[in-house]
$ cat upload.cif   # mmCIF, C-alpha atoms
data_target
#
loop_
_atom_site.label_atom_id
_atom_site.label_comp_id
_atom_site.auth_asym_id
_atom_site.auth_seq_id
_atom_site.Cartn_x
_atom_site.Cartn_y
_atom_site.Cartn_z
CA MET A 1 37.28 -14.08 -210.60
CA ALA A 2 40.22 -14.86 -208.29
CA VAL A 3 38.20 -13.55 -205.37
CA LYS A 4 35.27 -15.78 -206.34
CA LEU A 5 37.46 -18.86 -206.60
CA ALA A 6 39.18 -18.16 -203.26
CA GLY A 7 35.87 -18.73 -201.52
CA CYS A 8 34.36 -16.26 -199.10
CA ALA A 9 33.96 -17.40 -195.51
CA VAL A 10 30.65 -16.67 -193.82
CA LEU A 11 30.29 -17.08 -190.08
CA HIS A 12 26.89 -18.27 -188.84
CA HIS A 13 27.23 -19.23 -185.22
CA VAL A 14 29.78 -19.28 -182.42
CA GLN A 15 29.39 -20.93 -179.04
CA LEU A 16 31.83 -21.21 -176.17
CA GLY A 17 31.70 -23.95 -173.56
CA GLN A 18 32.87 -23.86 -169.96
CA ILE A 19 36.58 -23.22 -169.52
CA ASP A 20 38.54 -25.12 -166.90
CA ASN A 21 41.81 -23.28 -166.56
CA ARG A 22 43.24 -25.04 -163.53
CA THR A 23 46.97 -25.51 -163.52
CA ASN A 24 47.04 -29.04 -162.10
CA VAL A 25 46.10 -30.53 -165.47
CA ALA A 26 47.78 -30.29 -168.85
CA GLN A 27 45.60 -29.08 -171.69
CA VAL A 28 46.17 -30.50 -175.14
CA PRO A 29 44.43 -28.51 -177.90
CA PHE A 30 42.46 -30.33 -180.60
CA GLU A 31 40.46 -29.33 -183.64
CA ILE A 32 37.67 -31.14 -185.46
CA LYS A 33 36.15 -30.10 -188.75
CA VAL A 34 33.22 -31.74 -190.52
CA SER A 35 31.72 -30.46 -193.73
CA GLU A 36 29.14 -31.15 -196.39
CA THR A 37 28.73 -29.71 -199.88
CA GLY A 38 25.87 -27.27 -200.30
CA VAL A 39 24.29 -26.44 -203.65
CA ASN A 40 22.81 -23.07 -204.53
CA THR A 41 19.90 -23.67 -206.92
CA GLN A 42 19.40 -19.95 -207.49
CA GLU A 43 22.92 -19.67 -208.90
CA ILE A 44 22.32 -22.73 -211.10
CA SER A 45 19.19 -21.05 -212.39
CA ALA A 46 21.03 -17.78 -213.09
CA LEU A 47 23.88 -19.57 -214.91
CA SER A 48 21.41 -21.63 -216.96
CA ARG A 49 19.59 -18.46 -217.94
CA ALA A 50 22.88 -17.04 -219.20
CA ALA A 51 23.43 -20.13 -221.39
CA LYS A 52 20.34 -19.22 -223.51
CA ASN A 53 19.83 -22.66 -225.07
CA GLU A 54 17.44 -25.60 -224.68
CA VAL A 55 19.60 -27.45 -222.15
CA GLY A 56 20.01 -24.23 -220.17
CA ASN A 57 16.26 -23.70 -220.11
CA THR A 58 15.62 -27.23 -218.87
CA ALA A 59 18.27 -26.87 -216.15
CA ARG A 60 16.82 -23.51 -215.12
CA ASN A 61 13.31 -24.94 -214.87
CA ALA A 62 14.57 -27.88 -212.82
CA ALA A 63 16.53 -25.57 -210.50
CA ASP A 64 13.50 -23.31 -210.09
CA ILE A 65 11.29 -26.27 -209.13
CA VAL A 66 13.87 -27.62 -206.67
CA SER A 67 14.24 -24.18 -205.06
CA MET A 68 10.49 -24.19 -204.30
CA PHE A 69 11.15 -27.04 -201.87
CA GLN A 70 13.95 -25.15 -200.18
CA ILE A 71 12.19 -22.13 -198.75
CA GLY A 72 12.45 -21.24 -195.08
CA PRO A 73 15.20 -19.94 -192.82
CA ARG A 74 18.58 -21.67 -192.97
CA THR A 75 22.27 -21.05 -192.64
CA GLY A 76 24.26 -21.54 -195.83
CA ASP A 77 23.12 -23.54 -198.85
CA PRO A 78 20.96 -26.68 -198.78
CA ILE A 79 22.87 -29.95 -198.31
CA TYR A 80 22.07 -33.57 -199.07
CA ASP A 81 22.89 -35.16 -195.69
CA GLU A 82 21.77 -33.11 -192.70
CA HIS A 83 23.29 -35.59 -190.23
CA TYR A 84 26.88 -34.78 -191.17
CA ALA A 85 27.46 -32.72 -188.02
CA GLU A 86 26.30 -35.42 -185.62
CA LYS A 87 29.57 -37.33 -185.84
CA VAL A 88 31.44 -34.58 -184.02
CA LEU A 89 30.53 -36.31 -180.73
CA TYR A 90 32.44 -39.43 -181.78
CA LEU A 91 35.29 -37.39 -183.21
CA ILE A 92 35.70 -35.54 -179.91
CA HIS A 93 35.89 -38.90 -178.17
CA GLU A 94 38.51 -40.04 -180.65
CA LYS A 95 40.62 -36.96 -180.00
CA CYS A 96 40.09 -37.09 -176.25
CA PRO A 97 39.28 -40.65 -175.09
CA SER A 98 39.20 -39.59 -171.43
CA GLY A 99 36.22 -37.33 -172.17
CA ARG A 100 37.73 -34.57 -170.06
CA VAL A 101 37.32 -31.72 -172.50
CA THR A 102 37.18 -28.02 -171.80
CA GLY A 103 37.07 -24.72 -173.66
CA LEU A 104 34.97 -26.10 -176.49
CA VAL A 105 34.37 -23.55 -179.22
CA SER A 106 31.76 -24.57 -181.79
CA ILE A 107 31.81 -22.63 -185.04
CA ARG A 108 29.31 -23.01 -187.86
CA GLU A 109 30.55 -21.44 -191.06
CA THR A 110 30.18 -21.54 -194.83
CA ARG A 111 32.86 -21.44 -197.51
CA LYS A 112 31.13 -19.95 -200.51
CA TYR A 113 32.21 -20.82 -204.04
CA PRO A 114 30.32 -20.34 -207.31
CA VAL A 115 27.22 -22.62 -207.24
CA ILE A 116 28.53 -24.85 -204.45
CA SER A 117 29.57 -24.18 -200.88
CA GLY A 118 31.26 -25.96 -198.02
CA GLU A 119 28.96 -26.11 -195.01
CA ILE A 120 31.39 -26.48 -192.13
CA VAL A 121 31.13 -27.22 -188.44
CA LYS A 122 34.41 -26.65 -186.60
CA ILE A 123 35.03 -27.62 -183.00
CA THR A 124 38.13 -26.60 -181.11
CA GLY A 125 38.85 -27.42 -177.52
CA TYR A 126 41.31 -28.78 -174.99
CA CYS A 127 41.71 -32.32 -173.74
CA MET A 128 42.68 -32.34 -170.08
CA LYS A 129 45.38 -34.73 -169.00
CA ASP A 130 46.79 -35.15 -165.51
CA ARG A 131 50.23 -33.70 -165.06
CA LYS A 132 52.74 -36.34 -164.05
CA PRO A 133 55.26 -35.43 -161.38
CA ALA A 134 58.73 -34.74 -162.76
CA ALA A 135 60.14 -37.85 -161.06
CA GLU A 136 57.80 -40.16 -163.00
CA ILE A 137 58.65 -38.78 -166.46
CA MET B 1 32.93 42.65 -200.43
CA ARG B 2 30.45 41.83 -197.69
CA GLN B 3 27.97 40.54 -200.26
CA GLY B 4 30.64 38.24 -201.71
CA ARG B 5 31.46 36.80 -198.29
CA HIS B 6 27.75 36.28 -197.59
CA LYS B 7 27.40 34.47 -200.92
CA SER B 8 30.33 32.14 -200.23
CA LEU B 9 28.97 31.36 -196.76
CA GLY B 10 25.62 30.55 -198.31
CA SER B 11 27.16 28.20 -200.86
CA LEU B 12 29.20 26.49 -198.10
CA ARG B 13 26.03 25.97 -196.12
CA GLY B 14 24.36 24.55 -199.22
CA ILE B 15 27.20 22.09 -199.79
CA SER B 16 27.21 20.97 -196.17
CA LEU B 17 23.43 20.49 -196.30
CA ALA B 18 23.79 18.42 -199.46
CA LEU B 19 26.57 16.31 -197.92
CA ALA B 20 24.77 15.79 -194.61
CA PRO B 21 22.68 12.79 -195.75
CA PHE B 22 25.79 11.04 -197.12
CA ILE B 23 27.82 11.69 -193.96
CA THR B 24 24.90 10.42 -191.87
CA LEU B 25 24.70 7.36 -194.09
CA LEU B 26 28.43 6.68 -193.57
CA VAL B 27 28.37 7.13 -189.81
CA GLU B 28 25.01 5.47 -189.13
CA SER B 29 25.09 1.81 -188.18
CA CYS B 30 22.54 -0.93 -187.69
CA ALA B 31 23.14 -3.73 -185.22
CA SER B 32 21.68 -7.21 -185.31
CA VAL B 33 22.22 -10.23 -183.08
CA ASN B 34 23.06 -13.39 -184.95
CA SER B 35 23.11 -15.86 -182.10
CA VAL B 36 23.31 -16.06 -178.33
CA SER B 37 24.31 -19.07 -176.27
CA LEU B 38 24.74 -19.71 -172.56
CA THR B 39 26.45 -22.41 -170.51
CA PRO B 40 25.25 -23.46 -167.03
CA ILE B 41 25.45 -20.55 -164.58
CA PRO B 42 27.33 -21.08 -161.28
CA ALA B 43 25.75 -20.49 -157.86
CA GLN B 44 28.47 -18.01 -156.91
CA ARG B 45 28.37 -15.28 -159.50
CA SER B 46 31.37 -13.05 -159.06
CA GLY B 47 34.47 -12.13 -161.00
CA LEU B 48 32.88 -11.36 -164.35
CA VAL B 49 35.37 -11.65 -167.19
CA SER B 50 34.77 -10.94 -170.83
CA ALA B 51 36.57 -11.02 -174.15
CA THR B 52 35.65 -9.63 -177.54
CA VAL B 53 36.92 -10.36 -181.01
CA SER B 54 35.80 -8.57 -184.14
CA ARG B 55 36.53 -8.21 -187.81
CA THR B 56 35.46 -5.47 -190.18
CA ILE B 57 34.51 -6.84 -193.58
CA PHE B 58 34.27 -4.72 -196.72
CA LEU B 59 31.61 -5.72 -199.26
CA GLY B 60 31.43 -9.21 -197.74
CA PHE B 61 34.98 -10.16 -198.77
CA ASN B 62 36.08 -12.41 -195.94
CA PHE B 63 38.30 -15.41 -196.53
CA ASP B 64 38.45 -17.03 -193.11
CA ASN B 65 36.90 -16.85 -189.66
CA ASP B 66 40.11 -17.45 -187.73
CA PHE B 67 39.61 -14.29 -185.68
CA VAL B 68 37.14 -16.27 -183.53
CA ASP B 69 39.87 -18.70 -182.40
CA LYS B 70 41.39 -15.95 -180.26
CA LEU B 71 38.22 -15.62 -178.17
CA ALA B 72 38.69 -18.68 -175.95
CA LEU B 73 42.38 -17.87 -175.45
CA ASP B 74 41.60 -14.27 -174.44
CA LEU B 75 39.00 -15.46 -171.95
CA LYS B 76 41.38 -18.07 -170.52
CA GLN B 77 44.04 -15.43 -169.96
CA LYS B 78 41.62 -13.35 -167.92
CA CYS B 79 41.04 -16.17 -165.45
CA PRO B 80 44.41 -17.78 -164.75
CA GLY B 81 44.09 -21.01 -162.78
CA GLY B 82 40.31 -20.71 -162.40
CA ILE B 83 37.16 -22.01 -164.00
CA ILE B 84 34.98 -19.86 -166.23
CA SER B 85 31.34 -20.87 -166.25
CA GLY B 86 28.04 -19.24 -167.15
CA ILE B 87 29.56 -18.14 -170.43
CA LEU B 88 27.30 -15.96 -172.53
CA THR B 89 28.41 -15.87 -176.15
CA LYS B 90 26.91 -13.14 -178.27
CA ASP B 91 27.50 -13.02 -181.99
CA GLU B 92 26.44 -9.76 -183.60
CA VAL B 93 26.76 -7.79 -186.80
CA ILE B 94 27.08 -4.01 -186.97
CA SER B 95 26.39 -2.76 -190.46
CA TYR B 96 27.75 0.47 -191.88
CA PHE B 97 27.76 1.83 -195.43
CA LEU B 98 29.29 -0.97 -197.62
CA VAL B 99 31.07 -2.33 -194.55
CA PHE B 100 30.03 -4.48 -191.63
CA THR B 101 31.72 -5.53 -188.42
CA ARG B 102 31.36 -9.04 -187.11
CA ARG B 103 31.71 -8.98 -183.32
CA VAL B 104 31.70 -11.97 -180.97
CA THR B 105 31.62 -11.28 -177.24
CA ALA B 106 31.98 -13.90 -174.54
CA SER B 107 31.51 -13.14 -170.85
CA GLY B 108 31.45 -15.49 -167.89
CA TYR B 109 32.11 -15.87 -164.19
CA CYS B 110 35.65 -16.70 -163.13
CA SER B 111 35.69 -18.82 -160.00
CA ALA B 112 38.77 -19.67 -158.02
CA ALA B 113 40.01 -23.20 -158.62
CA VAL B 114 39.78 -24.08 -154.90
CA ALA B 115 35.99 -23.88 -154.88
CA HIS B 116 35.71 -26.10 -157.89
CA ASN B 117 38.30 -28.68 -156.92
CA LYS B 118 35.58 -30.53 -155.00
CA HIS B 119 33.84 -31.33 -158.28
CA SER B 120 35.33 -33.79 -160.68
CA THR B 121 36.67 -32.44 -163.94
CA ARG B 122 34.50 -34.93 -165.77
CA SER B 123 31.32 -33.16 -164.65
CA SER B 124 32.56 -29.87 -166.01
CA ALA B 125 33.26 -31.51 -169.34
CA SER B 126 29.79 -32.99 -169.59
CA GLU B 127 28.25 -29.58 -168.83
CA ASP B 128 30.09 -28.26 -171.87
CA GLU B 129 28.53 -30.75 -174.17
CA THR B 130 24.95 -30.27 -172.99
CA SER B 131 24.91 -26.50 -172.79
CA PRO B 132 21.72 -24.94 -174.12
CA SER B 133 21.78 -22.63 -177.08
CA THR B 134 19.35 -20.34 -178.82
CA ASP B 135 19.58 -19.06 -182.34
CA ASP B 136 17.82 -16.07 -183.82
#
$ encode --input "upload.cif" --output "structure tokens"
Amino acid sequence: MAVKLAGCAVLHHVQLGQIDNRTNVAQVPFEIKVSETGVNTQEISALSRAAKNEVGNTARNAADIVSMFQIGPRTGDPIYDEHYAEKVLYLIHEKCPSGRVTGLVSIRETRKYPVISGEIVKITGYCMKDRKPAAEI
Amino acid sequence: MRQGRHKSLGSLRGISLALAPFITLLVESCASVNSVSLTPIPAQRSGLVSATVSRTIFLGFNFDNDFVDKLALDLKQKCPGGIISGILTKDEVISYFLVFTRRVTASGYCSAAVAHNKHSTRSSASEDETSPSTDD
């Protein structure tokens, strides 16, 4: 039970971007995380079946019908808004207004809980800033 | 006496034959590639560097994916003061009996900073964002 509530982490995809490791610029690390709640209709159906009453049966039938529209390959559970990950572009700009980013690591993962899940996109990277000479600081 | 020894050897052979499938099952592994991605490849391809991170997960109990964070740092350390481009990231799963290992490997070409100083840092950043990727 405790293990179930802790939420298992499932890794779907990792991608590394070009790494600029030159010493003439300072690199400030940043992290961005966007997520959306996923719903597992199969688990809803299984829980409703366990309830063994009229409401449970109705919920199970509804979940079964919904799951028919959710076939096909995917990572994680179905979500309501598929555009949630698109805002990472703006968030990167917020974290690094100069746009000089390097070492971008994009991670797509799922935090699995009973019935629901957190569908996460995590971006880590470095914002490059020019080093100021010691005399100017 | 000799008959007894022969009998015990026979039973030992029988046990080992019976255990063989289980031992094979434990040692045998299946590999599958989850995803592969590649960043723009440089004209001068030399100084290949690579880094690997992995985690062995028992019965799917995994509570974070923080082991991946080390990958970029490891790769950076292998190319001090240079630029790593043409990075191939391979994410694979090696399955054993009740256990699987999640392994992410990144390899790229480390170029000396001098060669790249001619290019602006902005161009390298934009290459990052538009890098192609393929999923299985």
$ closest_atom_pairs --input "upload.cif" --of "chain A" --to "chain B" --cutoff "7 Å" --atoms "all atoms listed in the file" --output "CSV"
residue,atom,partner,partner_atom,distance
A:Gly7,CA,B:Phe63,CA,6.5
A:Cys8,CA,B:Phe63,CA,4.8
A:Ala9,CA,B:Phe63,CA,4.9
A:Leu11,CA,B:Asn65,CA,6.6
A:His13,CA,B:Ser35,CA,6.2
A:Val14,CA,B:Asp91,CA,6.7
A:Gln15,CA,B:Thr89,CA,5.9
A:Leu16,CA,B:Thr89,CA,6.3
A:Gly17,CA,B:Asp128,CA,4.9
A:Gln18,CA,B:Ser85,CA,5.0
A:Ile19,CA,B:Ile84,CA,5.0
A:Asp20,CA,B:Ile83,CA,4.5
A:Asn21,CA,B:Gly81,CA,5.0
A:Arg22,CA,B:Gly81,CA,4.2
A:Thr23,CA,B:Gly81,CA,5.4
A:Arg100,CA,B:Arg122,CA,5.4
A:Val101,CA,B:Ala125,CA,5.1
A:Thr102,CA,B:Ala125,CA,5.8
A:Gly103,CA,B:Ala72,CA,6.7
$ residues_around --input "upload.cif" --residues "Ser35 of chain A" --least-positions-apart "4" --cutoff "12 Å" --atoms "all atoms listed in the file" --output "PyMOL selection string"
chain A and resi 76+79-88+107-111+117-123
$ closest_residue --input "upload.cif" --among "B:Phe67, B:Ala20, B:Leu59, B:Asp74" --to "Leu98 of chain B" --atoms "all atoms listed in the file"
B:Leu59
$ atom_distance --input "upload.cif" --atom1 "atom CA of Lys112 of chain A" --atom2 "atom CA of Thr58 of chain A"
25.1 Å
$ atom_distance --input "upload.cif" --atom1 "atom CA of Lys70 of chain B" --atom2 "atom CA of Ile94 of chain B"
19.8 Å
$ resolve_selection --input "upload.cif" --expression "the PyMOL selection byres ((chain A and resi 45) around 9)" --output "PDB file with C-alpha atoms, in the frame of the given file"
ATOM      1  CA  ASN A  40      22.810 -23.070-204.530  1.00  0.00           C
ATOM      2  CA  THR A  41      19.900 -23.670-206.920  1.00  0.00           C
ATOM      3  CA  GLN A  42      19.400 -19.950-207.490  1.00  0.00           C
ATOM      4  CA  GLU A  43      22.920 -19.670-208.900  1.00  0.00           C
ATOM      5  CA  ILE A  44      22.320 -22.730-211.100  1.00  0.00           C
ATOM      6  CA  ALA A  46      21.030 -17.780-213.090  1.00  0.00           C
ATOM      7  CA  LEU A  47      23.880 -19.570-214.910  1.00  0.00           C
ATOM      8  CA  SER A  48      21.410 -21.630-216.960  1.00  0.00           C
ATOM      9  CA  ARG A  49      19.590 -18.460-217.940  1.00  0.00           C
ATOM     10  CA  ALA A  50      22.880 -17.040-219.200  1.00  0.00           C
ATOM     11  CA  GLY A  56      20.010 -24.230-220.170  1.00  0.00           C
ATOM     12  CA  ASN A  57      16.260 -23.700-220.110  1.00  0.00           C
ATOM     13  CA  ALA A  59      18.270 -26.870-216.150  1.00  0.00           C
ATOM     14  CA  ARG A  60      16.820 -23.510-215.120  1.00  0.00           C
ATOM     15  CA  ASN A  61      13.310 -24.940-214.870  1.00  0.00           C
ATOM     16  CA  ALA A  62      14.570 -27.880-212.820  1.00  0.00           C
ATOM     17  CA  ALA A  63      16.530 -25.570-210.500  1.00  0.00           C
ATOM     18  CA  ASP A  64      13.500 -23.310-210.090  1.00  0.00           C
TER      19      ASP A  64
END
$ atom_distance --input "upload.cif" --atom1 "atom CA of Thr101 of chain B" --atom2 "atom CA of Arg74 of chain A"
21.3 Å
$ closest_residue --input "upload.cif" --among "B:Leu48, B:Pro42, B:Glu28, B:Arg55" --to "Tyr96 of chain B" --atoms "only C-alpha atoms"
B:Glu28
$ closest_residue --input "upload.cif" --among "A:Lys132, A:Glu31, A:Val25, A:Gly38" --to "Thr75 of chain A" --atoms "all atoms listed in the file"
A:Gly38
$ build_atoms --input "upload.cif" --residues "segment 11-44 of chain A" --atoms "N, CA and C atoms" --output "CSV table (one decimal), in the coordinates of the input"
chain,number,residue,atom,x,y,z
A,11,LEU,N,30.4,-16.5,-191.4
A,11,LEU,CA,30.3,-17.1,-190.1
A,11,LEU,C,28.8,-17.1,-189.7
A,12,HIS,N,28.3,-18.2,-189.2
A,12,HIS,CA,26.9,-18.3,-188.8
A,12,HIS,C,26.7,-18.3,-187.3
A,13,HIS,N,27.5,-19.0,-186.6
A,13,HIS,CA,27.2,-19.2,-185.2
A,13,HIS,C,28.5,-19.6,-184.5
A,14,VAL,N,28.6,-19.0,-183.3
A,14,VAL,CA,29.8,-19.3,-182.4
A,14,VAL,C,29.2,-19.6,-181.0
A,15,GLN,N,29.8,-20.6,-180.4
A,15,GLN,CA,29.4,-20.9,-179.0
A,15,GLN,C,30.6,-21.4,-178.2
A,16,LEU,N,30.7,-20.8,-177.1
A,16,LEU,CA,31.8,-21.2,-176.2
A,16,LEU,C,31.3,-22.1,-175.0
A,17,GLY,N,32.1,-23.1,-174.7
A,17,GLY,CA,31.7,-24.0,-173.6
A,17,GLY,C,32.5,-23.5,-172.3
A,18,GLN,N,32.2,-24.2,-171.2
A,18,GLN,CA,32.9,-23.9,-170.0
A,18,GLN,C,34.4,-24.1,-170.1
A,19,ILE,N,35.1,-23.2,-169.4
A,19,ILE,CA,36.6,-23.2,-169.5
A,19,ILE,C,37.2,-23.6,-168.2
A,20,ASP,N,37.9,-24.7,-168.1
A,20,ASP,CA,38.5,-25.1,-166.9
A,20,ASP,C,40.0,-24.8,-167.1
A,21,ASN,N,40.4,-23.8,-166.3
A,21,ASN,CA,41.8,-23.3,-166.6
A,21,ASN,C,42.7,-23.6,-165.4
A,22,ARG,N,42.4,-24.7,-164.7
A,22,ARG,CA,43.2,-25.0,-163.5
A,22,ARG,C,44.6,-25.5,-164.0
A,23,THR,N,45.6,-25.2,-163.1
A,23,THR,CA,47.0,-25.5,-163.5
A,23,THR,C,47.4,-26.9,-163.2
A,24,ASN,N,46.6,-27.7,-162.5
A,24,ASN,CA,47.0,-29.0,-162.1
A,24,ASN,C,46.8,-30.1,-163.2
A,25,VAL,N,46.3,-29.6,-164.3
A,25,VAL,CA,46.1,-30.5,-165.5
A,25,VAL,C,46.7,-29.9,-166.7
A,26,ALA,N,47.2,-30.8,-167.6
A,26,ALA,CA,47.8,-30.3,-168.8
A,26,ALA,C,46.6,-30.2,-169.9
A,27,GLN,N,46.7,-29.2,-170.7
A,27,GLN,CA,45.6,-29.1,-171.7
A,27,GLN,C,46.2,-29.2,-173.1
A,28,VAL,N,45.7,-30.2,-173.8
A,28,VAL,CA,46.2,-30.5,-175.1
A,28,VAL,C,45.1,-30.0,-176.1
A,29,PRO,N,45.5,-29.0,-177.0
A,29,PRO,CA,44.4,-28.5,-177.9
A,29,PRO,C,44.1,-29.5,-179.0
A,30,PHE,N,42.9,-29.5,-179.5
A,30,PHE,CA,42.5,-30.3,-180.6
A,30,PHE,C,41.5,-29.5,-181.5
A,31,GLU,N,41.4,-30.0,-182.7
A,31,GLU,CA,40.5,-29.3,-183.6
A,31,GLU,C,39.7,-30.4,-184.5
A,32,ILE,N,38.5,-30.2,-184.7
A,32,ILE,CA,37.7,-31.1,-185.5
A,32,ILE,C,36.9,-30.3,-186.5
A,33,LYS,N,36.9,-30.8,-187.7
A,33,LYS,CA,36.2,-30.1,-188.8
A,33,LYS,C,35.3,-31.1,-189.6
A,34,VAL,N,34.0,-30.9,-189.6
A,34,VAL,CA,33.2,-31.7,-190.5
A,34,VAL,C,32.5,-30.8,-191.5
A,35,SER,N,32.3,-31.3,-192.7
A,35,SER,CA,31.7,-30.5,-193.7
A,35,SER,C,30.9,-31.3,-194.7
A,36,GLU,N,30.0,-30.6,-195.4
A,36,GLU,CA,29.1,-31.2,-196.4
A,36,GLU,C,29.0,-30.1,-197.5
A,37,THR,N,28.8,-30.6,-198.7
A,37,THR,CA,28.7,-29.7,-199.9
A,37,THR,C,27.3,-29.2,-200.0
A,38,GLY,N,27.2,-27.9,-200.1
A,38,GLY,CA,25.9,-27.3,-200.3
A,38,GLY,C,25.7,-26.8,-201.7
A,39,VAL,N,24.5,-26.8,-202.3
A,39,VAL,CA,24.3,-26.4,-203.6
A,39,VAL,C,23.3,-25.3,-203.7
A,40,ASN,N,23.7,-24.2,-204.4
A,40,ASN,CA,22.8,-23.1,-204.5
A,40,ASN,C,22.0,-23.1,-205.8
A,41,THR,N,20.7,-23.5,-205.7
A,41,THR,CA,19.9,-23.7,-206.9
A,41,THR,C,19.6,-22.3,-207.6
A,42,GLN,N,19.6,-21.3,-206.9
A,42,GLN,CA,19.4,-20.0,-207.5
A,42,GLN,C,20.5,-19.6,-208.4
A,43,GLU,N,21.8,-20.0,-208.0
A,43,GLU,CA,22.9,-19.7,-208.9
A,43,GLU,C,22.9,-20.6,-210.1
A,44,ILE,N,22.4,-21.8,-209.9
A,44,ILE,CA,22.3,-22.7,-211.1
A,44,ILE,C,21.3,-22.1,-212.1
